[in-house]
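> I'd like to ask you about the structure that follows.
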Amino acid sequence: MPRTEFSPSIASRPTYAPLRPHGAAPALMLADAEGAEALLELAAADPAVMDRAHLIYIPAGAAHGPRLRDLGAKMYHEAPSFSAALERYRKALLDAKMGTQLYLAGTEGLIGQGLAEALAAGLPADAIQSEHRGSIARRMQCVHCKGITENVTTDPFTCSHCGLTLFVRDHFSRRLGAFQGVCVDAETPGIVPEMKEIKA
Amino acid sequence: MSALELRVAAVEPLSPLVTRFRFEHPAGAALPLFSGGAHIVVEMPDAGVLRRNAYSLISDPMDGSGYEIAVRREDAGRGGSRFMHTQVKPGDTLRVTAPINLFSLDLRAKKHVLIGGGIGITPFLAQLRQLTRLQMPFELHYAARSRAEAAGLALLPDLPQIHVHISEEGNRMDLGAILSGQPLGTHVYTCGPEGLIAAVDDTAARLGWPKGALHSEAFLSPPPGTPFTVTLKSGRTIEVGPHQSLLEALEAAEVEVNWSCRGGACGRCETGVSACHGRIEHHDHWLSDEEKAAQTKIMPCVSRFTGEMLTLDL
């Protein structure tokens, strides 16, 4: 699956450039599903990028695992979900030294959470690259109850915590790694716009 | 400019070339507090010429009882530091600006590495107090040619995080060793000669450090040059002497220009150029390379001009 091209939006909406190799610098790589293809292309551009890489992959049903493993990263680990990978990812960030490059690839939920963890660990934003591949489903925070709903594909959608009907905004919280969902019928209860599929 | 009239409370030589000055409010009032890395601009009425030099504050940022600076005498300089060393006595009154910080700590950092060369140790003396109070991890590296010249030694507390590198004693600073293996979230601050700042930038780039984690301060003093003339919008012309900056010439002619650091770093005195027949000698760290090449802006605190005519938007 090729790199996703998102339509232009407000300044807070994250954009994702193609990953560029930083040679054999120490690297931490985190990818899910189709994000594997971004790492395969990265390694094809410069195989040395894997020499000191710690690669964590969340297949989420994709079949790229064996090819990623064969890239020869110094450490390779597969995890069933982001929350299952989180302890390892946090430990890797805790042990990392300045000069480490972070490569994030895959869905916006993974990139957003991976970015939030890395920034909280002190990694400067200019040491982090991200490339979007695969599903354009969004990780949404309800601004009313603060609950997170994963894999939102429609606008509006129903908050999985408080049940409000939420409008999908492009406002993105780097701290939470999530987009903001705002009650769509606060002024006119029950009058809800037609549900549409979220587009890139 | 908000200025304070302060009394010189103490003058103390720290080394053959470096002297510490302490300023206090004449009525004993508390002075505005500041943050580590801040500087003040001291006004020096020197035989008809009003000089203004920026000096980093070296005293405790949370201590409003006085401001302290350390001044290195530059005999080849334009005379400001010589005035401080030879004319200023305890009991004198001097005008200084309120503190301004162009070199503050990034408090999002997990650890701070401070690298000072020579008199470049000064901003770190105040930052050290701030970091100690905040209980943040840090290390400080102080490099000097010889122990006799290392005025900072008298001002540095005895802490295990402080490393002194005296090159004459074969203990040169190894930037590669300092910058290798620093934990994630470390920020580096460098103050000293341009060569030291460039060496830190090069070493950090080689080790893959992102630019956002690197901070530096190099105050320039206005370089001397050949005299030149500028024209104002009104058609009035102002002559700039060989040892005078354009900013000083404008001030002497009572043309109002906003300023802050007077060293080409802060950007406050940026002035538009409406016509340039010649070449602007840009000496600042503020304008981008493209802006410098366009010759439509000048920083009058440090930059000069050669050519036929320079017309300013003033």
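In the structure tokens, chains take the letters A, B, ... in the order shown, each chain's residues start at 1, and ligands count up from 1 in the order shown.
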Show which residues sit within 12 Å of B:Trp209, as a PyMOL selection string. Count only C-alpha atoms, and ignore same-chain residues fewer than 2 positions away.

(chain A and resi 22+25-26+97-101+123-128) or (chain B and resi 176+179-188+200-207+211-215)

> Can you pull out every residue within 8 Å of B:Ile166, counting only C-alpha atoms, but drop anything in the same chain fewer than 2 positions away, and send it as a ChimeraX atom specification?

/B:143-147,164,168-173

> Residues near A:Asp51, anyone? I mean within 9 Å using only C-alpha atoms, not counting same-chain ones fewer than 3 positions away, as a list in words.

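Answer for this query is Gly23, Ala24, Ala25, Pro26, Ala27, Pro47, Ala48, Gly72, Ala73 and Lys74 of chain A.
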
> Determine which residues of stretch 145-230 of chain B receive a DSSP assignment of alpha helix (DSSP H), computed from the backbone, and state them as a list of chain:residue names.

B:Leu175, B:Gly176, B:Ala177, B:Ile178, B:Leu179, B:Glu194, B:Gly195, B:Leu196, B:Ile197, B:Ala198, B:Ala199, B:Val200, B:Asp201, B:Asp202, B:Thr203, B:Ala204, B:Ala205, B:Arg206

> Rounded to one decimal, what separation in Å do you get between atom CA of B:Ser56 and atom CA of B:Gly91?

21.5 Å

> Counting only C-alpha atoms, figure out which residue out of A:Ala43, A:Ala120, A:Leu28, A:Leu104 gets nearest to chain B.

A:Ala120

> Which residues, written as a list in words, have at least one atom at most 8 Å from B:Thr306, with only C-alpha atoms counted and residues fewer than 4 positions away on the same chain left out?

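Returned residues: Thr226, Phe228, Gly278, Arg279, Ile280 and Glu281 of chain B.
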